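Everything on this sheet refers to the single structure shown next.
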Amino acid sequence: MSSFSIPGYHLRLGSPLDRATLVKFMERTYQELGEASPLKHLAATVDRYLSCDTPLWMVERPGSRGSAIAVGCIWLGQATDQRSGLLHPYVLLLYVHPDHRRRGLATELLHTAHQWATAEGHPQISLQVFSENAPAQALYQKLGYQPEALLMKRSLKP
């Protein structure tokens, strides 16, 4: 991977040792979207999918006494294109702490994922974004992502 171009931050390859931080970032993402229900399923999702085969990059800034503080990440899994059957990288999580947004960190994280996917020979990368998350949708469209499907659901009475 090439250098991370945003001064004051550095990028490092994550690992399963980053589980707790990844769960915390997932919980914050859902809380920002107004989810009030228990989020225990997020830890189960991380436990199910986090491995050395699911690339994770952490953005950190220097902390006190030489430590580093994680302020964002991108985590990739694998998806199957429903039309072609092609296996390809899928963004499981892109997160930047609110205090560090609007500095280009999410864009740099996506560029890192794009570089990795290209180097691995993947012709595409996909993601899902909540319909009410307009800032994320704008970022993804700016970077060339296009809608391909519409996820629909219906609540059922027990």
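Convention: chains lettered A, B, ... in structure tokens order; per-chain residue numbering from 1; ligands numbered from 1 as shown.
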- Please identify all polymer residues within 12 Å of Phe25 (chain A), counting only C-alpha atoms, omitting same-chain residues fewer than 3 positions from it, and present them as a ChimeraX atom specification. /A:18-22,28-32,39,42-43,46,58,70-75,92-98
- Message: as a list in words, please: the residues near Ser5 (chain A) (cut-off 10 Å, only C-alpha atoms, same-chain neighbours under 5 positions excluded).
- Response: His10, Leu11, Gly104, Leu105 and Glu108 of chain A
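The space separating CA of Leu17 (chain A) from CA of Glu120 (chain A) comes to 23.5 Å.
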Long-range neighbours of His88 (chain A) as a PDB file with N, CA and C atoms, in the first residue's frame, 8 Å cut-off, only C-alpha atoms, 3 positions minimum in chain:
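Result file is around37.pdb:
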```pdb
ATOM      1  N   GLN A  78     -16.510 -10.218   1.335  1.00  0.00           N
ATOM      2  CA  GLN A  78     -16.653 -10.728  -0.022  1.00  0.00           C
ATOM      3  C   GLN A  78     -18.132 -10.890  -0.335  1.00  0.00           C
ATOM      4  N   ALA A  79     -18.511 -10.502  -1.519  1.00  0.00           N
ATOM      5  CA  ALA A  79     -19.901 -10.619  -1.963  1.00  0.00           C
ATOM      6  C   ALA A  79     -19.935 -11.312  -3.315  1.00  0.00           C
ATOM      7  N   THR A  80     -21.117 -11.756  -3.671  1.00  0.00           N
ATOM      8  CA  THR A  80     -21.341 -12.361  -4.978  1.00  0.00           C
ATOM      9  C   THR A  80     -22.238 -11.438  -5.782  1.00  0.00           C
ATOM     10  N   ASP A  81     -21.778 -11.056  -6.962  1.00  0.00           N
ATOM     11  CA  ASP A  81     -22.602 -10.251  -7.860  1.00  0.00           C
ATOM     12  C   ASP A  81     -23.804 -11.102  -8.266  1.00  0.00           C
ATOM     13  N   HIS A 122      -9.493  -7.859  -8.813  1.00  0.00           N
ATOM     14  CA  HIS A 122     -10.954  -7.754  -8.787  1.00  0.00           C
ATOM     15  C   HIS A 122     -11.411  -6.633  -9.732  1.00  0.00           C
ATOM     16  N   PRO A 123     -12.425  -6.893 -10.555  1.00  0.00           N
ATOM     17  CA  PRO A 123     -12.905  -5.867 -11.484  1.00  0.00           C
ATOM     18  C   PRO A 123     -13.943  -4.920 -10.886  1.00  0.00           C
ATOM     19  N   GLN A 124     -14.401  -5.185  -9.664  1.00  0.00           N
ATOM     20  CA  GLN A 124     -15.406  -4.318  -9.056  1.00  0.00           C
ATOM     21  C   GLN A 124     -15.337  -4.413  -7.537  1.00  0.00           C
ATOM     22  N   ILE A 125     -15.975  -3.436  -6.907  1.00  0.00           N
ATOM     23  CA  ILE A 125     -16.135  -3.413  -5.461  1.00  0.00           C
ATOM     24  C   ILE A 125     -17.547  -2.880  -5.212  1.00  0.00           C
ATOM     25  N   SER A 126     -18.186  -3.390  -4.182  1.00  0.00           N
ATOM     26  CA  SER A 126     -19.559  -2.937  -3.927  1.00  0.00           C
ATOM     27  C   SER A 126     -19.740  -2.586  -2.451  1.00  0.00           C
TER      28      SER A 126
END
```
- Task: Could you tell me how far CA of Arg101 (chain A) lies from CA of Ala136 (chain A), in Å and to one decimal?
- Result: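 CA of Ala136 (chain A) lies at a distance of 11.3 Å from CA of Arg101 (chain A).
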- Residue neighbourhood Leu139 (chain A), 12 Å, only C-alpha atoms, exclusion window fewer than 3 positions, as a ChimeraX atom specification: /A:94,101-102,104-110,129,133-136,142-146
- Test item, helix (DSSP H, G or I) assignment across region 12-121 of chain A, answer as number ranges by chain: A: 16-32, 40-49, 64-66, 98-100, 105-119
File dump, residues just selected, C-alpha atoms, as an mmCIF file, in the first residue's frame:
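Result written to result.cif:
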```
data_model
loop_
_atom_site.group_PDB
_atom_site.id
_atom_site.type_symbol
_atom_site.label_atom_id
_atom_site.label_comp_id
_atom_site.auth_asym_id
_atom_site.auth_seq_id
_atom_site.Cartn_x
_atom_site.Cartn_y
_atom_site.Cartn_z
ATOM 1 C CA PRO A 16 -8.547 -9.751 14.253
ATOM 2 C CA LEU A 17 -6.891 -8.073 17.257
ATOM 3 C CA ASP A 18 -8.869 -4.937 16.302
ATOM 4 C CA ARG A 19 -12.181 -6.691 17.029
ATOM 5 C CA ALA A 20 -13.242 -4.432 19.926
ATOM 6 C CA THR A 21 -12.533 -1.245 17.957
ATOM 7 C CA LEU A 22 -14.378 -2.583 14.933
ATOM 8 C CA VAL A 23 -17.451 -3.446 17.038
ATOM 9 C CA LYS A 24 -17.325 0.015 18.643
ATOM 10 C CA PHE A 25 -17.168 1.700 15.212
ATOM 11 C CA MET A 26 -20.089 -0.394 13.937
ATOM 12 C CA GLU A 27 -22.163 0.497 17.007
ATOM 13 C CA ARG A 28 -21.414 4.196 16.570
ATOM 14 C CA THR A 29 -22.443 4.031 12.920
ATOM 15 C CA TYR A 30 -25.843 2.609 13.814
ATOM 16 C CA GLN A 31 -26.306 4.983 16.751
ATOM 17 C CA GLU A 32 -25.639 7.965 14.485
ATOM 18 C CA LYS A 40 -25.604 -7.144 19.965
ATOM 19 C CA HIS A 41 -25.935 -8.534 16.455
ATOM 20 C CA LEU A 42 -23.056 -6.284 15.374
ATOM 21 C CA ALA A 43 -20.553 -8.085 17.606
ATOM 22 C CA ALA A 44 -21.851 -11.394 16.240
ATOM 23 C CA THR A 45 -21.350 -10.092 12.691
ATOM 24 C CA VAL A 46 -17.767 -9.107 13.456
ATOM 25 C CA ASP A 47 -17.125 -12.481 15.096
ATOM 26 C CA ARG A 48 -18.568 -14.277 12.071
ATOM 27 C CA TYR A 49 -16.627 -12.394 9.385
ATOM 28 C CA SER A 64 -0.332 10.532 24.350
ATOM 29 C CA ARG A 65 2.984 8.868 25.257
ATOM 30 C CA GLY A 66 3.539 7.504 21.765
ATOM 31 C CA PRO A 98 -17.335 12.635 13.649
ATOM 32 C CA ASP A 99 -14.485 14.792 15.028
ATOM 33 C CA HIS A 100 -12.299 13.730 12.090
ATOM 34 C CA LEU A 105 -10.165 10.297 5.496
ATOM 35 C CA ALA A 106 -13.118 8.334 4.068
ATOM 36 C CA THR A 107 -11.994 9.116 0.525
ATOM 37 C CA GLU A 108 -8.457 7.935 1.317
ATOM 38 C CA LEU A 109 -9.794 4.764 2.922
ATOM 39 C CA LEU A 110 -11.883 4.018 -0.160
ATOM 40 C CA HIS A 111 -8.874 4.679 -2.395
ATOM 41 C CA THR A 112 -6.903 2.199 -0.280
ATOM 42 C CA ALA A 113 -9.641 -0.397 -0.774
ATOM 43 C CA HIS A 114 -9.771 0.326 -4.520
ATOM 44 C CA GLN A 115 -5.984 -0.067 -4.820
ATOM 45 C CA TRP A 116 -6.050 -3.344 -2.900
ATOM 46 C CA ALA A 117 -8.953 -4.728 -4.961
ATOM 47 C CA THR A 118 -7.253 -3.780 -8.228
ATOM 48 C CA ALA A 119 -3.963 -5.349 -7.117
#
```
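Going from CA of Gly8 (chain A) to CA of Thr54 (chain A) covers 26.4 Å.
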- Task: Any chance you could list, as a ChimeraX atom specification, the residues in region 36-134 of chain A that come up strand (DSSP E) when DSSP is run on the backbone?
- Result: /A:56-62,68-80,87-96,126-127
